[in-house]
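What follows is a set of notes on a single structure, which appears directly below.
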Amino acid sequence: MDGATSRVQTAIGKMVETLDKGHIRTMQLDMYKCSTKCCENSKANLDEVQSCVEKCSHDLNRAQAYLQNEIEAFQNRLQRCAMSCQDKVKDKMPTSPSDDDYKKGRSILEGCVVECADSHVELIPGMTKRMLETLKSRKY
């Protein structure tokens with residue numbers, strides 16, 4: 001199961017890297033340029049500068065919240081799949097399970113959880129593409 005966990009973490013890490021390089025860094029650069037202009041305005045008072053800087057970061061904050069929500073939803077789906085595996089094993093256990101029953105149950109559980117991980121890793125490329133499109137359209 002450790003290998004499955006590692007595959008999921010690696011796939012999510014690559015997805016985040018793709019989203020970062022594909023869109024988020026550009027948004028960060030735009031935010032910093034905008035914020036710099038706010039700070040360079042010597043006629044603005046403190047509150048005006050602060051308000052300007054907050055406006056500059058609005059889109060980036062929304063985009064990051066969108067990404068966080070999507071990743072959390074993915075993790076919740078994966079967790080529900082693993083919980084379903086636990087339920088399946090529990091339903092198959094006899095009333096008074098033996099050590100062999102527990103070993104068999106553990107083996108079934110591990111296999112099922114690995115399947116969950118692998119099937120969810122396969123979803124990540126499509127999820128990445130969809131998220132990039134959403135980021136570029138700014139409809140988040």
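Just remember, in the structure tokens the first chain shown is A, the second B, etc., residues are 1-based per chain, and ligands are 1-based in the order shown.
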Margin query: List the spatial neighbours of range 61-72 of chain A as an NGL selection string - criterion: any atom at most 9 Å away, only C-alpha atoms, same-chain residues fewer than 6 positions off excluded.
Written below: :A and (12 or 16 or 19 or 24 or 27 or 127 or 131 or 135 or 138 or 140)
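The interatomic distance for the pair CA of Ala82 in chain A and CA of Glu17 in chain A works out to 25.8 Å.
Nearest-residue note for Lys88 in chain A: choosing from A:Phe74, A:Cys112, A:Lys136, A:Tyr102, the minimum distance belongs to A:Cys112, counting only C-alpha atoms.
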Next item on the list: Write out as a ChimeraX atom specification the residues lying within 10 Å of Ser119 in chain A, counting only C-alpha atoms and excluding same-chain residues fewer than 6 positions away.
Entry: /A:8,78,81,113
Notebook entry, point to check: For the atom pair CA of Ser96 in chain A and CA of Ile108 in chain A, what is the interatomic distance in Å to one decimal place?
Noted result: 17.9 Å
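When CA of Gly111 in chain A is paired with CA of Met83 in chain A, their separation reads 13.1 Å.
Nearest-residue note for Thr5 in chain A: choosing from A:Arg25, A:Arg130, A:Lys92, A:His120, the minimum distance belongs to A:His120, counting only C-alpha atoms.
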Next item on the list: Might you pull out every residue within 9 Å of Leu132 in chain A, with only C-alpha atoms counted and same-chain residues fewer than 6 positions away left off, and present them as a PyMOL selection string?
Entry: chain A and resi 18-19+22-23
Would you save the residues from that selection as an mmCIF file, in the first residue's frame, using all heavy atoms?
```cif
data_model
loop_
_atom_site.group_PDB
_atom_site.id
_atom_site.type_symbol
_atom_site.label_atom_id
_atom_site.label_comp_id
_atom_site.auth_asym_id
_atom_site.auth_seq_id
_atom_site.Cartn_x
_atom_site.Cartn_y
_atom_site.Cartn_z
ATOM 1 N N THR A 18 2.388 21.323 -12.635
ATOM 2 C CA THR A 18 1.877 21.695 -13.950
ATOM 3 C C THR A 18 0.973 22.914 -13.855
ATOM 4 O O THR A 18 1.070 23.845 -14.665
ATOM 5 C CB THR A 18 1.102 20.515 -14.584
ATOM 6 O OG1 THR A 18 1.993 19.412 -14.751
ATOM 7 C CG2 THR A 18 0.489 20.891 -15.921
ATOM 8 N N LEU A 19 0.094 22.921 -12.863
ATOM 9 C CA LEU A 19 -0.809 24.060 -12.677
ATOM 10 C C LEU A 19 -0.034 25.314 -12.299
ATOM 11 O O LEU A 19 -0.343 26.407 -12.776
ATOM 12 C CB LEU A 19 -1.855 23.734 -11.613
ATOM 13 C CG LEU A 19 -2.827 22.599 -11.972
ATOM 14 C CD1 LEU A 19 -3.614 22.167 -10.744
ATOM 15 C CD2 LEU A 19 -3.741 23.000 -13.106
ATOM 16 N N GLY A 22 1.913 26.296 -15.413
ATOM 17 C CA GLY A 22 1.014 26.585 -16.508
ATOM 18 C C GLY A 22 0.164 27.825 -16.322
ATOM 19 O O GLY A 22 -0.322 28.390 -17.301
ATOM 20 N N HIS A 23 -0.017 28.245 -15.077
ATOM 21 C CA HIS A 23 -0.896 29.397 -14.894
ATOM 22 C C HIS A 23 -0.636 30.207 -13.616
ATOM 23 O O HIS A 23 -0.639 31.436 -13.660
ATOM 24 C CB HIS A 23 -2.359 28.951 -14.914
ATOM 25 C CG HIS A 23 -3.305 30.063 -15.165
ATOM 26 N ND1 HIS A 23 -3.456 30.656 -16.398
ATOM 27 C CD2 HIS A 23 -4.126 30.729 -14.341
ATOM 28 C CE1 HIS A 23 -4.342 31.630 -16.314
ATOM 29 N NE2 HIS A 23 -4.773 31.693 -15.073
#
```
Margin query: Could you list, as a list in words, every residue within 12 Å of Cys39 in chain A, counting only C-alpha atoms and ignoring same-chain residues fewer than 6 positions away?
Written below: Tyr32, Lys33, Asn45, Leu46, Asp47, Glu48, Val49, Gln50, Ser51, Cys52, Val53, Glu54 and Cys56 of chain A
Residues just named, written with N, CA, C and O atoms as a PDB file, in the first residue's frame:
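This is the output file result.pdb:
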```pdb
ATOM      1  N   TYR A  32       2.206  40.710  -8.399  1.00  0.00           N
ATOM      2  CA  TYR A  32       3.333  41.475  -7.862  1.00  0.00           C
ATOM      3  C   TYR A  32       3.560  42.769  -8.657  1.00  0.00           C
ATOM      4  O   TYR A  32       3.865  43.816  -8.075  1.00  0.00           O
ATOM      5  N   LYS A  33       3.391  42.699  -9.964  1.00  0.00           N
ATOM      6  CA  LYS A  33       3.541  43.911 -10.777  1.00  0.00           C
ATOM      7  C   LYS A  33       2.474  44.941 -10.393  1.00  0.00           C
ATOM      8  O   LYS A  33       2.762  46.125 -10.247  1.00  0.00           O
ATOM      9  N   ASN A  45      -2.761  57.321   0.002  1.00  0.00           N
ATOM     10  CA  ASN A  45      -2.509  57.168   1.436  1.00  0.00           C
ATOM     11  C   ASN A  45      -2.403  55.667   1.767  1.00  0.00           C
ATOM     12  O   ASN A  45      -2.595  54.815   0.896  1.00  0.00           O
ATOM     13  N   LEU A  46      -2.136  55.377   3.011  1.00  0.00           N
ATOM     14  CA  LEU A  46      -1.908  54.001   3.451  1.00  0.00           C
ATOM     15  C   LEU A  46      -3.091  53.094   3.123  1.00  0.00           C
ATOM     16  O   LEU A  46      -2.910  51.995   2.596  1.00  0.00           O
ATOM     17  N   ASP A  47      -4.302  53.547   3.426  1.00  0.00           N
ATOM     18  CA  ASP A  47      -5.493  52.739   3.169  1.00  0.00           C
ATOM     19  C   ASP A  47      -5.702  52.489   1.678  1.00  0.00           C
ATOM     20  O   ASP A  47      -6.105  51.397   1.273  1.00  0.00           O
ATOM     21  N   GLU A  48      -5.444  53.495   0.880  1.00  0.00           N
ATOM     22  CA  GLU A  48      -5.592  53.343  -0.575  1.00  0.00           C
ATOM     23  C   GLU A  48      -4.588  52.341  -1.137  1.00  0.00           C
ATOM     24  O   GLU A  48      -4.931  51.526  -1.991  1.00  0.00           O
ATOM     25  N   VAL A  49      -3.382  52.403  -0.638  1.00  0.00           N
ATOM     26  CA  VAL A  49      -2.361  51.446  -1.090  1.00  0.00           C
ATOM     27  C   VAL A  49      -2.757  50.035  -0.677  1.00  0.00           C
ATOM     28  O   VAL A  49      -2.690  49.093  -1.481  1.00  0.00           O
ATOM     29  N   GLN A  50      -3.190  49.885   0.559  1.00  0.00           N
ATOM     30  CA  GLN A  50      -3.592  48.563   1.048  1.00  0.00           C
ATOM     31  C   GLN A  50      -4.761  48.016   0.231  1.00  0.00           C
ATOM     32  O   GLN A  50      -4.779  46.859  -0.149  1.00  0.00           O
ATOM     33  N   SER A  51      -5.725  48.855  -0.039  1.00  0.00           N
ATOM     34  CA  SER A  51      -6.890  48.454  -0.832  1.00  0.00           C
ATOM     35  C   SER A  51      -6.467  48.051  -2.243  1.00  0.00           C
ATOM     36  O   SER A  51      -6.948  47.052  -2.790  1.00  0.00           O
ATOM     37  N   CYS A  52      -5.578  48.803  -2.808  1.00  0.00           N
ATOM     38  CA  CYS A  52      -5.061  48.511  -4.147  1.00  0.00           C
ATOM     39  C   CYS A  52      -4.347  47.163  -4.178  1.00  0.00           C
ATOM     40  O   CYS A  52      -4.580  46.336  -5.064  1.00  0.00           O
ATOM     41  N   VAL A  53      -3.494  46.918  -3.193  1.00  0.00           N
ATOM     42  CA  VAL A  53      -2.752  45.648  -3.107  1.00  0.00           C
ATOM     43  C   VAL A  53      -3.728  44.477  -2.946  1.00  0.00           C
ATOM     44  O   VAL A  53      -3.558  43.426  -3.573  1.00  0.00           O
ATOM     45  N   GLU A  54      -4.757  44.659  -2.138  1.00  0.00           N
ATOM     46  CA  GLU A  54      -5.752  43.599  -1.951  1.00  0.00           C
ATOM     47  C   GLU A  54      -6.478  43.288  -3.252  1.00  0.00           C
ATOM     48  O   GLU A  54      -6.732  42.125  -3.569  1.00  0.00           O
ATOM     49  N   CYS A  56      -5.239  43.648  -6.190  1.00  0.00           N
ATOM     50  CA  CYS A  56      -4.263  42.975  -7.044  1.00  0.00           C
ATOM     51  C   CYS A  56      -4.194  41.470  -6.759  1.00  0.00           C
ATOM     52  O   CYS A  56      -3.970  40.675  -7.661  1.00  0.00           O
TER      53      CYS A  56
END
```
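Nearest to Asp20 in chain A of all the residues A:Leu60, A:Ser6, A:Leu123, A:Lys104 is A:Leu60, based on only C-alpha atoms.
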Checklist line | Secondary structure check, alpha helix (DSSP H) residues of range 18-64 of chain A, as a PyMOL selection string | finding: chain A and resi 18-19+25-40+46-64
Check: Nearest to Leu29 in chain A among A:Lys14, A:Gly3, A:Gly105, A:Asp59, with distances taken over only C-alpha atoms: which residue is it?
Finding: A:Asp59
